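Shown below: final.cif, with mmCIF, C-alpha atoms.
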data_run
#
loop_
_atom_site.label_atom_id
_atom_site.label_comp_id
_atom_site.auth_asym_id
_atom_site.auth_seq_id
_atom_site.Cartn_x
_atom_site.Cartn_y
_atom_site.Cartn_z
CA MET A 1 6.00 3.50 -22.32
CA THR A 2 7.86 0.98 -20.16
CA ASN A 3 6.53 -2.42 -19.08
CA LYS A 4 5.52 -1.15 -15.67
CA ASP A 5 4.41 2.38 -16.27
CA ILE A 6 3.02 4.29 -13.31
CA ILE A 7 1.45 7.62 -14.15
CA THR A 8 1.02 9.87 -11.13
CA TYR A 9 -1.32 12.84 -10.71
CA GLY A 10 -1.83 15.43 -8.00
CA CYS A 11 -0.17 15.77 -4.63
CA ARG A 12 3.20 14.84 -3.14
CA LEU A 13 1.51 12.07 -1.19
CA ASN A 14 0.60 10.42 -4.50
CA ILE A 15 4.27 10.68 -5.57
CA TYR A 16 5.28 8.83 -2.41
CA GLU A 17 2.54 6.23 -2.87
CA SER A 18 3.57 5.60 -6.49
CA GLU A 19 7.02 4.63 -5.20
CA VAL A 20 5.39 2.09 -2.87
CA ILE A 21 3.23 0.81 -5.76
CA GLN A 22 6.29 0.43 -8.00
CA LYS A 23 8.00 -1.63 -5.30
CA HIS A 24 4.93 -3.88 -4.89
CA MET A 25 4.51 -4.34 -8.66
CA ASP A 26 8.17 -5.32 -8.98
CA GLU A 27 7.85 -7.84 -6.14
CA ALA A 28 4.66 -9.27 -7.66
CA GLY A 29 6.37 -9.58 -11.06
CA LEU A 30 3.60 -7.67 -12.84
CA LYS A 31 4.44 -6.93 -16.46
CA ASN A 32 2.61 -5.33 -19.34
CA TYR A 33 0.57 -3.02 -17.10
CA ILE A 34 -0.02 0.72 -17.00
CA LEU A 35 -1.18 2.05 -13.63
CA PHE A 36 -2.85 5.43 -13.23
CA ASN A 37 -2.55 6.86 -9.69
CA SER A 38 -5.35 9.41 -9.98
CA CYS A 39 -6.33 12.70 -8.36
CA SER A 40 -9.77 14.19 -7.77
CA VAL A 41 -8.95 17.64 -6.43
CA THR A 42 -10.81 19.21 -9.39
CA ASN A 43 -13.07 18.01 -12.19
CA GLU A 44 -10.26 18.85 -14.61
CA ALA A 45 -7.92 16.49 -12.75
CA LYS A 46 -10.39 13.63 -13.17
CA LYS A 47 -10.99 14.47 -16.86
CA LYS A 48 -7.25 14.35 -17.51
CA VAL A 49 -6.99 10.86 -16.00
CA ILE A 50 -9.90 9.65 -18.17
CA ASN A 51 -8.42 11.13 -21.36
CA ASP A 52 -4.97 9.71 -20.58
CA ILE A 53 -6.42 6.23 -20.00
CA LYS A 54 -8.15 6.30 -23.40
CA LYS A 55 -5.00 7.57 -25.10
CA ALA A 56 -2.81 4.92 -23.44
CA LYS A 57 -5.14 2.10 -24.48
CA LYS A 58 -5.10 3.36 -28.06
CA ILE A 59 -1.28 3.52 -28.14
CA SER A 60 -0.73 0.23 -26.27
CA PRO A 61 -3.86 -1.94 -26.67
CA GLN A 62 -1.97 -5.04 -25.46
CA LYS A 63 -1.31 -3.55 -22.03
CA LYS A 64 -3.63 -3.97 -19.06
CA ILE A 65 -4.77 -0.82 -17.29
CA ILE A 66 -5.09 -0.36 -13.52
CA VAL A 67 -6.70 2.75 -12.04
CA THR A 68 -6.23 3.74 -8.41
CA GLY A 69 -6.09 6.93 -6.32
CA CYS A 70 -8.70 9.40 -5.14
CA ALA A 71 -10.71 9.61 -8.38
CA SER A 72 -11.16 5.82 -8.48
CA GLN A 73 -11.99 5.68 -4.76
CA ILE A 74 -14.68 8.36 -5.02
CA ASP A 75 -16.10 7.35 -8.41
CA SER A 76 -15.28 3.64 -8.64
CA GLU A 77 -18.42 2.82 -10.64
CA PHE A 78 -17.43 5.16 -13.47
CA PHE A 79 -13.93 3.70 -13.83
CA THR A 80 -15.20 0.13 -13.44
CA ASN A 81 -17.52 0.73 -16.40
CA MET A 82 -14.71 2.05 -18.64
CA THR A 83 -14.00 -0.60 -21.28
CA GLU A 84 -10.33 0.42 -21.36
CA VAL A 85 -9.85 -0.39 -17.66
CA ASP A 86 -8.96 -3.89 -16.40
CA HIS A 87 -8.73 -3.27 -12.64
CA VAL A 88 -9.93 -0.52 -10.26
CA ILE A 89 -8.12 -0.44 -6.90
CA GLY A 90 -8.96 1.59 -3.80
CA ASN A 91 -6.62 3.89 -1.87
CA LYS A 92 -6.25 1.29 0.90
CA GLU A 93 -5.69 -1.60 -1.50
CA LYS A 94 -3.09 0.21 -3.62
CA MET A 95 -0.66 0.21 -0.67
CA GLU A 96 -0.85 -3.57 -0.08
CA LEU A 97 1.48 -6.10 -1.74
CA ASN A 98 -1.26 -8.77 -1.72
CA THR A 99 -3.32 -6.62 -4.09
CA TYR A 100 -0.68 -6.92 -6.80
CA LEU A 101 0.09 -10.58 -6.09
CA SER A 102 -3.59 -11.38 -6.61
CA LEU A 103 -3.91 -9.37 -9.86
CA LYS A 104 -1.91 -11.87 -11.91
CA ASN A 105 -4.65 -14.50 -11.92
CA SER A 106 -7.64 -12.32 -11.03
CA GLN A 107 -10.60 -11.46 -13.20
CA LEU A 108 -11.99 -9.23 -10.42
CA LYS A 109 -12.29 -5.75 -11.86
CA ASN A 110 -13.13 -3.73 -8.76
CA LYS A 111 -11.21 -4.02 -5.48
CA ILE A 112 -12.27 -1.12 -3.26
CA SER A 113 -13.17 -1.09 0.44
CA ASP A 114 -14.83 1.58 2.60
CA ILE A 115 -12.01 4.10 3.20
CA MET A 116 -13.93 5.71 6.08
CA GLN A 117 -13.46 2.54 8.15
CA LEU A 118 -9.66 2.87 8.21
CA LYS A 119 -8.22 3.78 11.62
CA SER A 120 -4.47 3.52 11.05
CA ILE A 121 -1.64 3.64 8.47
CA ALA A 122 0.61 0.71 7.70
CA PRO A 123 4.26 1.84 7.54
CA GLN A 124 5.88 1.47 4.11
CA PHE A 125 9.66 1.28 3.89
CA ILE A 126 11.07 2.74 0.69
CA GLU A 127 14.83 2.49 0.20
CA SER A 128 15.09 4.23 -3.17
CA TYR A 129 13.20 6.81 -5.20
CA ASN A 130 13.13 6.86 -8.98
CA ASN A 131 14.20 10.18 -10.52
CA HIS A 132 14.31 12.05 -7.22
CA SER A 133 17.21 13.33 -5.14
CA ARG A 134 14.71 14.13 -2.40
CA ALA A 135 12.69 11.51 -0.50
CA PHE A 136 9.05 11.77 0.54
CA ILE A 137 7.72 10.19 3.73
CA GLN A 138 4.03 9.81 4.47
CA ILE A 139 3.42 10.74 8.09
CA GLN A 140 -0.35 11.18 7.90
CA ASN A 141 -3.30 10.39 5.65
CA GLY A 142 -6.95 11.43 5.48
CA CYS A 143 -8.74 14.54 6.76
CA ASP A 144 -11.24 15.21 9.55
CA HIS A 145 -12.35 18.57 8.14
CA ARG A 146 -15.19 19.03 5.71
CA CYS A 147 -14.49 22.06 3.55
CA THR A 148 -17.54 22.78 1.40
CA PHE A 149 -15.68 22.47 -1.92
CA CYS A 150 -13.63 19.34 -1.21
CA THR A 151 -14.14 15.60 -1.81
CA ILE A 152 -10.69 14.51 -0.61
CA PRO A 153 -11.89 13.09 2.78
CA PHE A 154 -14.12 10.68 0.82
CA GLY A 155 -11.12 9.55 -1.21
CA ARG A 156 -8.70 9.39 1.71
CA GLY A 157 -10.84 8.75 4.80
CA ASN A 158 -10.46 10.33 8.23
CA SER A 159 -7.13 11.59 9.59
CA ARG A 160 -4.67 8.85 10.58
CA SER A 161 -1.08 9.27 11.76
CA LEU A 162 1.98 7.06 11.56
CA PRO A 163 3.77 6.47 14.91
CA ILE A 164 6.85 8.65 15.51
CA GLU A 165 9.26 5.70 15.83
CA LYS A 166 8.24 4.34 12.39
CA ILE A 167 8.87 7.74 10.78
CA ILE A 168 12.29 8.08 12.42
CA GLU A 169 13.19 4.54 11.33
CA GLN A 170 12.29 5.34 7.72
CA ILE A 171 14.29 8.59 7.77
CA ASN A 172 17.34 6.73 9.09
CA ILE A 173 17.10 4.24 6.21
CA LEU A 174 16.88 7.05 3.65
CA ASN A 175 19.77 8.95 5.28
CA GLU A 176 21.94 5.86 4.96
CA LYS A 177 20.98 5.62 1.28
CA GLY A 178 22.33 9.13 0.75
CA PHE A 179 19.15 11.23 0.51
CA ASN A 180 20.02 14.74 1.65
CA GLU A 181 16.46 16.05 1.88
CA ILE A 182 13.38 14.48 3.45
CA ILE A 183 9.90 15.87 2.74
CA LEU A 184 7.12 15.09 5.21
CA THR A 185 3.84 14.57 3.35
CA GLY A 186 0.21 14.01 4.22
CA VAL A 187 -3.30 15.07 3.30
CA ASP A 188 -3.62 17.42 6.28
CA LEU A 189 -0.07 17.52 7.62
CA THR A 190 -0.68 19.86 10.57
CA SER A 191 -3.40 17.55 11.95
CA TYR A 192 -0.72 14.93 12.68
CA GLY A 193 -0.78 13.20 16.05
CA PRO A 194 -3.94 13.35 18.19
CA ASP A 195 -5.28 10.02 16.89
CA ILE A 196 -2.18 8.17 18.19
CA GLY A 197 -1.53 10.05 21.45
CA LYS A 198 -2.92 12.82 23.62
CA ASN A 199 0.24 14.95 23.63
CA ILE A 200 1.44 14.21 20.10
CA ASN A 201 1.34 16.76 17.28
CA LEU A 202 3.45 17.86 14.32
CA GLY A 203 5.73 19.97 16.53
CA VAL A 204 6.49 16.99 18.77
CA LEU A 205 7.19 14.82 15.72
CA VAL A 206 9.57 17.35 14.13
CA GLN A 207 11.32 17.86 17.48
CA ASN A 208 11.90 14.09 17.73
CA ILE A 209 13.11 13.81 14.13
CA LEU A 210 15.72 16.53 14.64
CA LYS A 211 16.85 15.01 17.93
CA LYS A 212 17.13 11.40 16.71
CA ASN A 213 18.30 11.82 13.10
CA LYS A 214 21.67 13.50 13.48
CA ASN A 215 22.71 12.87 9.86
CA LEU A 216 19.65 14.64 8.44
CA LYS A 217 20.68 17.65 6.36
CA ARG A 218 17.34 19.03 5.17
CA LEU A 219 13.78 18.57 6.39
CA ARG A 220 10.94 20.09 4.40
CA LEU A 221 7.24 20.27 5.27
CA SER A 222 4.72 19.97 2.47
CA SER A 223 1.41 21.89 2.53
CA ILE A 224 0.49 23.24 5.98
CA ASP A 225 -2.52 24.89 7.58
CA SER A 226 -1.17 27.93 9.45
CA ILE A 227 -4.05 28.01 11.97
CA GLU A 228 -2.92 24.60 13.30
CA ILE A 229 0.69 25.63 13.97
CA ASP A 230 1.16 25.80 17.74
CA ASP A 231 3.93 27.60 19.67
CA LEU A 232 6.27 24.59 19.70
CA LEU A 233 6.11 24.07 15.93
CA PHE A 234 6.45 27.80 15.26
CA ASP A 235 9.54 27.99 17.47
CA ILE A 236 11.11 25.05 15.62
CA ILE A 237 10.42 26.28 12.07
CA SER A 238 11.56 29.79 12.93
CA SER A 239 14.84 28.77 14.60
CA GLU A 240 15.98 25.41 13.22
CA LYS A 241 18.09 25.79 10.06
CA LYS A 242 17.55 22.16 9.04
CA ILE A 243 13.89 23.04 8.46
CA MET A 244 13.80 24.45 4.94
CA PRO A 245 12.53 28.07 4.73
CA HIS A 246 9.70 27.30 2.33
CA PHE A 247 6.12 26.79 3.45
CA HIS A 248 3.16 26.07 1.22
CA LEU A 249 -0.05 27.33 2.82
CA SER A 250 -3.46 25.79 2.39
CA MET A 251 -4.98 29.28 2.12
CA GLN A 252 -7.67 29.01 -0.63
CA SER A 253 -8.94 32.61 -0.33
CA GLY A 254 -8.03 36.01 1.07
CA ASP A 255 -11.59 37.03 1.89
CA ASN A 256 -13.13 36.25 5.30
CA MET A 257 -16.68 35.70 4.04
CA ILE A 258 -15.50 33.28 1.37
CA LEU A 259 -13.31 31.49 3.94
CA LYS A 260 -16.38 31.13 6.15
CA ARG A 261 -18.44 29.75 3.27
CA MET A 262 -15.62 27.34 2.47
CA LYS A 263 -15.67 26.22 6.14
CA ARG A 264 -11.99 27.04 6.51
CA ARG A 265 -10.74 27.55 10.07
CA HIS A 266 -8.55 30.61 9.54
CA GLN A 267 -9.26 34.24 8.66
CA ARG A 268 -7.14 36.43 6.40
CA GLU A 269 -5.72 38.32 9.42
CA HIS A 270 -4.36 35.10 10.90
CA ALA A 271 -2.55 34.17 7.66
CA ILE A 272 -1.04 37.67 7.37
CA ASP A 273 0.10 37.59 11.00
CA PHE A 274 1.70 34.14 10.63
CA CYS A 275 3.60 35.11 7.47
CA SER A 276 4.82 38.46 8.78
CA LYS A 277 5.99 36.96 12.12
CA LEU A 278 7.93 34.18 10.40
CA LYS A 279 9.38 36.55 7.78
CA ARG A 280 10.73 38.82 10.55
CA ILE A 281 12.61 35.90 12.11
CA ARG A 282 13.66 34.16 8.87
CA PRO A 283 13.85 36.81 6.13
CA GLU A 284 14.90 34.19 3.56
CA VAL A 285 11.59 32.32 3.89
CA ILE A 286 9.40 31.90 0.79
CA PHE A 287 5.67 31.20 0.98
CA GLY A 288 3.56 29.32 -1.51
CA ALA A 289 -0.22 28.96 -1.37
CA ASP A 290 -3.24 27.25 -2.87
CA LEU A 291 -5.78 29.82 -4.08
CA ILE A 292 -9.23 29.18 -5.55
CA ALA A 293 -10.57 31.70 -8.08
CA GLY A 294 -14.31 32.23 -8.42
CA PHE A 295 -15.64 30.33 -5.41
CA PRO A 296 -19.49 30.53 -5.35
CA THR A 297 -20.81 33.98 -4.29
CA GLU A 298 -17.36 35.59 -4.77
CA THR A 299 -17.86 39.26 -5.63
CA GLU A 300 -15.30 41.53 -7.27
CA GLU A 301 -14.41 42.97 -3.86
CA MET A 302 -13.97 39.49 -2.36
CA PHE A 303 -11.72 38.51 -5.26
CA HIS A 304 -9.60 41.63 -4.73
CA ASN A 305 -9.09 40.62 -1.10
CA THR A 306 -7.50 37.40 -2.42
CA LEU A 307 -5.42 39.38 -4.90
CA LYS A 308 -4.27 41.72 -2.10
CA ILE A 309 -3.28 38.91 0.25
CA ILE A 310 -0.59 37.82 -2.21
CA ASP A 311 1.32 41.00 -1.32
CA GLU A 312 0.17 41.12 2.31
CA CYS A 313 1.57 37.62 2.95
CA ASP A 314 4.36 37.99 0.37
CA LEU A 315 3.26 34.83 -1.43
CA THR A 316 5.59 33.76 -4.24
CA LEU A 317 4.84 30.22 -5.42
CA LEU A 318 1.12 30.04 -6.19
CA HIS A 319 -1.08 27.08 -7.10
CA VAL A 320 -4.17 28.70 -8.62
CA PHE A 321 -7.32 26.63 -9.12
CA PRO A 322 -10.33 27.96 -11.06
CA PHE A 323 -13.33 26.87 -8.97
CA SER A 324 -14.80 23.61 -10.21
CA PRO A 325 -18.01 22.39 -8.53
CA MET A 326 -17.46 18.83 -7.33
CA GLN A 327 -20.51 16.59 -7.32
CA LYS A 328 -22.38 16.27 -4.01
CA THR A 329 -20.35 18.97 -2.22
CA PRO A 330 -22.16 21.84 -0.45
CA ALA A 331 -20.33 24.37 -2.65
CA SER A 332 -21.84 22.81 -5.79
CA LYS A 333 -25.28 23.88 -4.53
CA MET A 334 -24.28 27.51 -3.82
CA PRO A 335 -24.86 30.36 -6.34
CA GLN A 336 -22.12 29.92 -8.96
CA VAL A 337 -19.86 32.58 -10.47
CA PRO A 338 -20.03 32.61 -14.31
CA LEU A 339 -17.29 30.50 -15.91
CA ASN A 340 -15.81 33.35 -17.96
CA ILE A 341 -15.34 35.41 -14.77
CA ILE A 342 -13.76 32.43 -12.96
CA LYS A 343 -11.27 32.00 -15.82
CA GLU A 344 -10.44 35.71 -15.88
CA ARG A 345 -9.85 35.82 -12.12
CA ALA A 346 -7.62 32.71 -12.28
CA LYS A 347 -5.63 34.38 -15.07
CA ILE A 348 -5.14 37.55 -12.99
CA LEU A 349 -3.95 35.51 -9.99
CA ARG A 350 -1.51 33.51 -12.13
CA GLU A 351 -0.12 36.69 -13.71
CA LYS A 352 0.34 38.16 -10.26
CA GLY A 353 2.12 34.96 -9.19
CA GLN A 354 4.45 35.12 -12.18
CA LEU A 355 5.28 38.74 -11.37
CA LYS A 356 6.09 37.76 -7.77
CA ILE A 357 8.43 34.98 -8.97
CA ILE A 358 10.28 37.29 -11.38
CA ASN A 359 10.67 39.93 -8.65
CA LYS A 360 12.03 37.26 -6.31
CA PHE A 361 14.47 36.14 -9.02
CA LYS A 362 15.68 39.73 -9.50
CA ASP A 363 16.21 40.12 -5.74
CA THR A 364 18.22 36.89 -5.63
CA ILE A 365 20.83 37.83 -8.25
CA GLY A 366 24.25 38.15 -6.60
CA GLN A 367 23.32 35.94 -3.64
CA LYS A 368 24.91 32.65 -2.65
CA LEU A 369 22.46 29.74 -2.26
CA ASN A 370 22.83 26.08 -1.33
CA VAL A 371 21.25 23.95 -4.06
CA LEU A 372 20.24 20.30 -3.87
CA THR A 373 20.99 19.01 -7.36
CA GLU A 374 18.65 16.95 -9.51
CA LYS A 375 18.93 15.88 -13.16
CA ASN A 376 20.40 17.93 -16.02
CA SER A 377 22.18 20.40 -13.69
CA PHE A 378 18.92 21.64 -12.19
CA GLY A 379 18.23 21.76 -8.47
CA TYR A 380 16.34 23.51 -5.68
CA SER A 381 17.53 26.08 -3.18
CA GLU A 382 16.65 25.83 0.50
CA ASN A 383 13.70 28.18 -0.06
CA TYR A 384 12.54 26.09 -3.03
CA LEU A 385 13.62 28.24 -5.94
CA LYS A 386 14.49 26.23 -9.04
CA VAL A 387 18.11 26.73 -10.10
CA LYS A 388 20.00 25.83 -13.29
CA ILE A 389 23.75 25.42 -12.70
CA THR A 390 25.64 26.62 -15.77
CA GLY A 391 29.23 26.03 -16.87
CA ASN A 392 31.27 22.99 -17.86
CA GLN A 393 31.72 21.53 -14.40
CA LYS A 394 29.98 18.14 -13.98
CA VAL A 395 27.20 18.21 -11.38
CA ASP A 396 26.28 14.95 -9.63
CA GLU A 397 22.65 14.37 -8.73
CA GLY A 398 21.64 14.51 -5.06
CA GLN A 399 24.45 16.77 -3.81
CA ILE A 400 24.10 20.02 -1.85
CA ILE A 401 26.26 22.57 -3.69
CA PRO A 402 26.87 26.26 -2.85
CA VAL A 403 26.24 28.40 -5.93
CA TYR A 404 26.35 32.04 -6.95
CA ILE A 405 23.20 33.40 -8.65
CA THR A 406 24.03 35.17 -11.94
CA GLY A 407 20.65 35.63 -13.67
CA TYR A 408 17.29 34.02 -14.36
CA GLY A 409 15.01 32.55 -17.00
CA SER A 410 11.20 32.47 -17.04
CA SER A 411 10.93 29.74 -14.40
CA TYR A 412 14.37 29.28 -12.85
CA LEU A 413 17.49 31.02 -11.59
CA LYS A 414 20.88 30.71 -13.30
CA ALA A 415 23.95 30.02 -11.20
CA THR A 416 27.61 29.10 -11.24
CA ILE A 417 29.43 26.89 -8.74
#

Could you rewrite the structure in this file as structure tokens?
Amino acid sequence: MTNKDIITYGCRLNIYESEVIQKHMDEAGLKNYILFNSCSVTNEAKKKVINDIKKAKKISPQKKIIVTGCASQIDSEFFTNMTEVDHVIGNKEKMELNTYLSLKNSQLKNKISDIMQLKSIAPQFIESYNNHSRAFIQIQNGCDHRCTFCTIPFGRGNSRSLPIEKIIEQINILNEKGFNEIILTGVDLTSYGPDIGKNINLGVLVQNILKKNKNLKRLRLSSIDSIEIDDLLFDIISSEKKIMPHFHLSMQSGDNMILKRMKRRHQREHAIDFCSKLKRIRPEVIFGADLIAGFPTETEEMFHNTLKIIDECDLTLLHVFPFSPMQKTPASKMPQVPLNIIKERAKILREKGQLKIINKFKDTIGQKLNVLTEKNSFGYSENYLKVKITGNQKVDEGQIIPVYITGYGSSYLKATI
């Protein structure tokens, strides 16, 4: 472990925030610390953070441990009481330089404010990203929706958007630094805008980015909610080639009754319609999705509706979560599906996802793709397929290279320049 280890869990927004934290820790001159930027999307995510903290303290007892992120925000008392932990920092505080400046001489263990009181986002300007050829930009944080299984709003607060001009300024800085792909991140990306202006939404933002950032080569959207995509945004993502043809859908289930009990806003028919319309216009598009297996009251028939929607929406890159009842959520009080059935259903969904990936790999052999290179000759195509570039030719990180697909492994395509 290095002197300033930051261990990141969960979403792309956390990846972005860890870069901000690293910058602040460097400026504050903090040494001999390990910081855990936690996730609370499932009970398993929280357990992993706890186990990793204990392991780290055992390996490096001389190092001080900081815990931040959603798990610490939601369950600050638990982490404060852990003997291994020196400081617990809230999601607001982790983004502020003063937090890290004050840690040097502070005995205060818990520094967490009420996240629900936050009304805005402070812009953070990152000029470099460690180990990434792509750059993440936070455009939004928090969530106004209250899905029955989710605690994220209590870790992140209500939806807040960053002004358009601040986002464009940050993209310009990253363009000048040579980043060829920008990824827009947030907790509920498609809710961007209304809190900062009556006629502002994600479509308006993307339109402005494309108009005012002429040097931008690739723009990628992280997880989206298809029900919130209006005509403007649909027109842009279906026609603008700088928008990468890969969309990760916050779908959760393929059954309408389960979606209703989750308090989701879409129905299965809407998701199918969105995917089929976009696929007709951009045949190269690849869809990913979050799917929950074994949500309370899920019958065999309801589960099969989720299994079927993988083909009906042509989903390829799946994130499958076995349902895990989060404390104090409405879903935790609903009739639960037995754990062995939940695990079996998650296994079936994952196997289906693996089959879809392999079929996509087979279909891609012989095609030419443009790959943004990362470390060790790996990279990602425009539609987010992982590619290994073979041969003796040296491949520089962060370049967009046209390649010819020759074969595939279990999790990536093989290609030559």

Practice item. Please provide as a PyMOL selection string all residues within 10 Å of A:Asp235, with the sequence filter that same-chain residues fewer than 6 positions apart are discarded (counting all atoms listed in the file). Key: chain A and resi 203+229+278

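Atom CA of A:Cys11 lies 17.9 Å from atom CA of A:Ile121.
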
Practice item. Report as number ranges by chain the full result of the PyMOL selection byres ((chain A and resi 271) around 12) when it is applied to this structure. Key: A: 224-229, 248-256, 259, 264-270, 272-278, 287, 289, 306, 309-315

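Distance check against A:Met334 using all atoms listed in the file: of A:Arg12, A:Lys64, A:Arg261, A:Lys386, the minimum falls on A:Arg261.
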
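Considering all atoms listed in the file, the residue among A:Lys166, A:Lys23, A:Lys58, A:Lys242 positioned nearest to A:Tyr100 is A:Lys23.
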
Exercise for review: Identify, on the basis of all atoms listed in the file, every residue whose closest approach to A:Ser324 does not exceed 9 Å; exclude the query and any residue fewer than 3 positions from it along the same chain; express the result as an MDAnalysis selection string.
Suggested key: chainID A and resid 42:44 149 294:295 321 332

Translate the PyMOL selection byres ((chain A and resi 381) around 12), as applied to the file shown, into an explicit residue set as a PDB file with C-alpha atoms, keeping the file's coordinate frame.
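Result went into selection-v9.pdb, see below:
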ATOM      1  CA  GLU A 181      16.460  16.050   1.880  1.00  0.00           C
ATOM      2  CA  ARG A 218      17.340  19.030   5.170  1.00  0.00           C
ATOM      3  CA  ARG A 220      10.940  20.090   4.400  1.00  0.00           C
ATOM      4  CA  MET A 244      13.800  24.450   4.940  1.00  0.00           C
ATOM      5  CA  PRO A 245      12.530  28.070   4.730  1.00  0.00           C
ATOM      6  CA  HIS A 246       9.700  27.300   2.330  1.00  0.00           C
ATOM      7  CA  GLU A 284      14.900  34.190   3.560  1.00  0.00           C
ATOM      8  CA  VAL A 285      11.590  32.320   3.890  1.00  0.00           C
ATOM      9  CA  ILE A 286       9.400  31.900   0.790  1.00  0.00           C
ATOM     10  CA  THR A 364      18.220  36.890  -5.630  1.00  0.00           C
ATOM     11  CA  GLN A 367      23.320  35.940  -3.640  1.00  0.00           C
ATOM     12  CA  LYS A 368      24.910  32.650  -2.650  1.00  0.00           C
ATOM     13  CA  LEU A 369      22.460  29.740  -2.260  1.00  0.00           C
ATOM     14  CA  ASN A 370      22.830  26.080  -1.330  1.00  0.00           C
ATOM     15  CA  VAL A 371      21.250  23.950  -4.060  1.00  0.00           C
ATOM     16  CA  LEU A 372      20.240  20.300  -3.870  1.00  0.00           C
ATOM     17  CA  THR A 373      20.990  19.010  -7.360  1.00  0.00           C
ATOM     18  CA  GLU A 374      18.650  16.950  -9.510  1.00  0.00           C
ATOM     19  CA  PHE A 378      18.920  21.640 -12.190  1.00  0.00           C
ATOM     20  CA  GLY A 379      18.230  21.760  -8.470  1.00  0.00           C
ATOM     21  CA  TYR A 380      16.340  23.510  -5.680  1.00  0.00           C
ATOM     22  CA  GLU A 382      16.650  25.830   0.500  1.00  0.00           C
ATOM     23  CA  ASN A 383      13.700  28.180  -0.060  1.00  0.00           C
ATOM     24  CA  TYR A 384      12.540  26.090  -3.030  1.00  0.00           C
ATOM     25  CA  LEU A 385      13.620  28.240  -5.940  1.00  0.00           C
ATOM     26  CA  LYS A 386      14.490  26.230  -9.040  1.00  0.00           C
ATOM     27  CA  VAL A 387      18.110  26.730 -10.100  1.00  0.00           C
ATOM     28  CA  LYS A 388      20.000  25.830 -13.290  1.00  0.00           C
ATOM     29  CA  ILE A 389      23.750  25.420 -12.700  1.00  0.00           C
ATOM     30  CA  GLN A 399      24.450  16.770  -3.810  1.00  0.00           C
ATOM     31  CA  ILE A 400      24.100  20.020  -1.850  1.00  0.00           C
ATOM     32  CA  ILE A 401      26.260  22.570  -3.690  1.00  0.00           C
ATOM     33  CA  PRO A 402      26.870  26.260  -2.850  1.00  0.00           C
ATOM     34  CA  VAL A 403      26.240  28.400  -5.930  1.00  0.00           C
ATOM     35  CA  TYR A 404      26.350  32.040  -6.950  1.00  0.00           C
ATOM     36  CA  ILE A 405      23.200  33.400  -8.650  1.00  0.00           C
ATOM     37  CA  TYR A 412      14.370  29.280 -12.850  1.00  0.00           C
ATOM     38  CA  LEU A 413      17.490  31.020 -11.590  1.00  0.00           C
ATOM     39  CA  LYS A 414      20.880  30.710 -13.300  1.00  0.00           C
ATOM     40  CA  ALA A 415      23.950  30.020 -11.200  1.00  0.00           C
TER      41      ALA A 415
END

Check your understanding: Written as a ChimeraX atom specification, what is the full residue list that the PyMOL selection byres ((chain A and resi 136-138) around 10) yields on the file shown?
Key -> /A:12-17,19,121,123-126,129,132,134-135,139-141,161-162,167,170-171,174,181-187,189,220-222

Output for the residues just chosen: C-alpha atoms as an mmCIF file, keeping the file's coordinate frame:
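result-v5.cif written:
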data_model
loop_
_atom_site.group_PDB
_atom_site.id
_atom_site.type_symbol
_atom_site.label_atom_id
_atom_site.label_comp_id
_atom_site.auth_asym_id
_atom_site.auth_seq_id
_atom_site.Cartn_x
_atom_site.Cartn_y
_atom_site.Cartn_z
ATOM 1 C CA ARG A 12 3.200 14.840 -3.140
ATOM 2 C CA LEU A 13 1.510 12.070 -1.190
ATOM 3 C CA ASN A 14 0.600 10.420 -4.500
ATOM 4 C CA ILE A 15 4.270 10.680 -5.570
ATOM 5 C CA TYR A 16 5.280 8.830 -2.410
ATOM 6 C CA GLU A 17 2.540 6.230 -2.870
ATOM 7 C CA GLU A 19 7.020 4.630 -5.200
ATOM 8 C CA ILE A 121 -1.640 3.640 8.470
ATOM 9 C CA PRO A 123 4.260 1.840 7.540
ATOM 10 C CA GLN A 124 5.880 1.470 4.110
ATOM 11 C CA PHE A 125 9.660 1.280 3.890
ATOM 12 C CA ILE A 126 11.070 2.740 0.690
ATOM 13 C CA TYR A 129 13.200 6.810 -5.200
ATOM 14 C CA HIS A 132 14.310 12.050 -7.220
ATOM 15 C CA ARG A 134 14.710 14.130 -2.400
ATOM 16 C CA ALA A 135 12.690 11.510 -0.500
ATOM 17 C CA ILE A 139 3.420 10.740 8.090
ATOM 18 C CA GLN A 140 -0.350 11.180 7.900
ATOM 19 C CA ASN A 141 -3.300 10.390 5.650
ATOM 20 C CA SER A 161 -1.080 9.270 11.760
ATOM 21 C CA LEU A 162 1.980 7.060 11.560
ATOM 22 C CA ILE A 167 8.870 7.740 10.780
ATOM 23 C CA GLN A 170 12.290 5.340 7.720
ATOM 24 C CA ILE A 171 14.290 8.590 7.770
ATOM 25 C CA LEU A 174 16.880 7.050 3.650
ATOM 26 C CA GLU A 181 16.460 16.050 1.880
ATOM 27 C CA ILE A 182 13.380 14.480 3.450
ATOM 28 C CA ILE A 183 9.900 15.870 2.740
ATOM 29 C CA LEU A 184 7.120 15.090 5.210
ATOM 30 C CA THR A 185 3.840 14.570 3.350
ATOM 31 C CA GLY A 186 0.210 14.010 4.220
ATOM 32 C CA VAL A 187 -3.300 15.070 3.300
ATOM 33 C CA LEU A 189 -0.070 17.520 7.620
ATOM 34 C CA ARG A 220 10.940 20.090 4.400
ATOM 35 C CA LEU A 221 7.240 20.270 5.270
ATOM 36 C CA SER A 222 4.720 19.970 2.470
#

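Those residues that approach A:Pro153 to within 6 Å, counting only C-alpha atoms, are Gly142, Cys143, Arg156 and Gly157 of chain A; same-chain residues fewer than 3 positions away are not listed.
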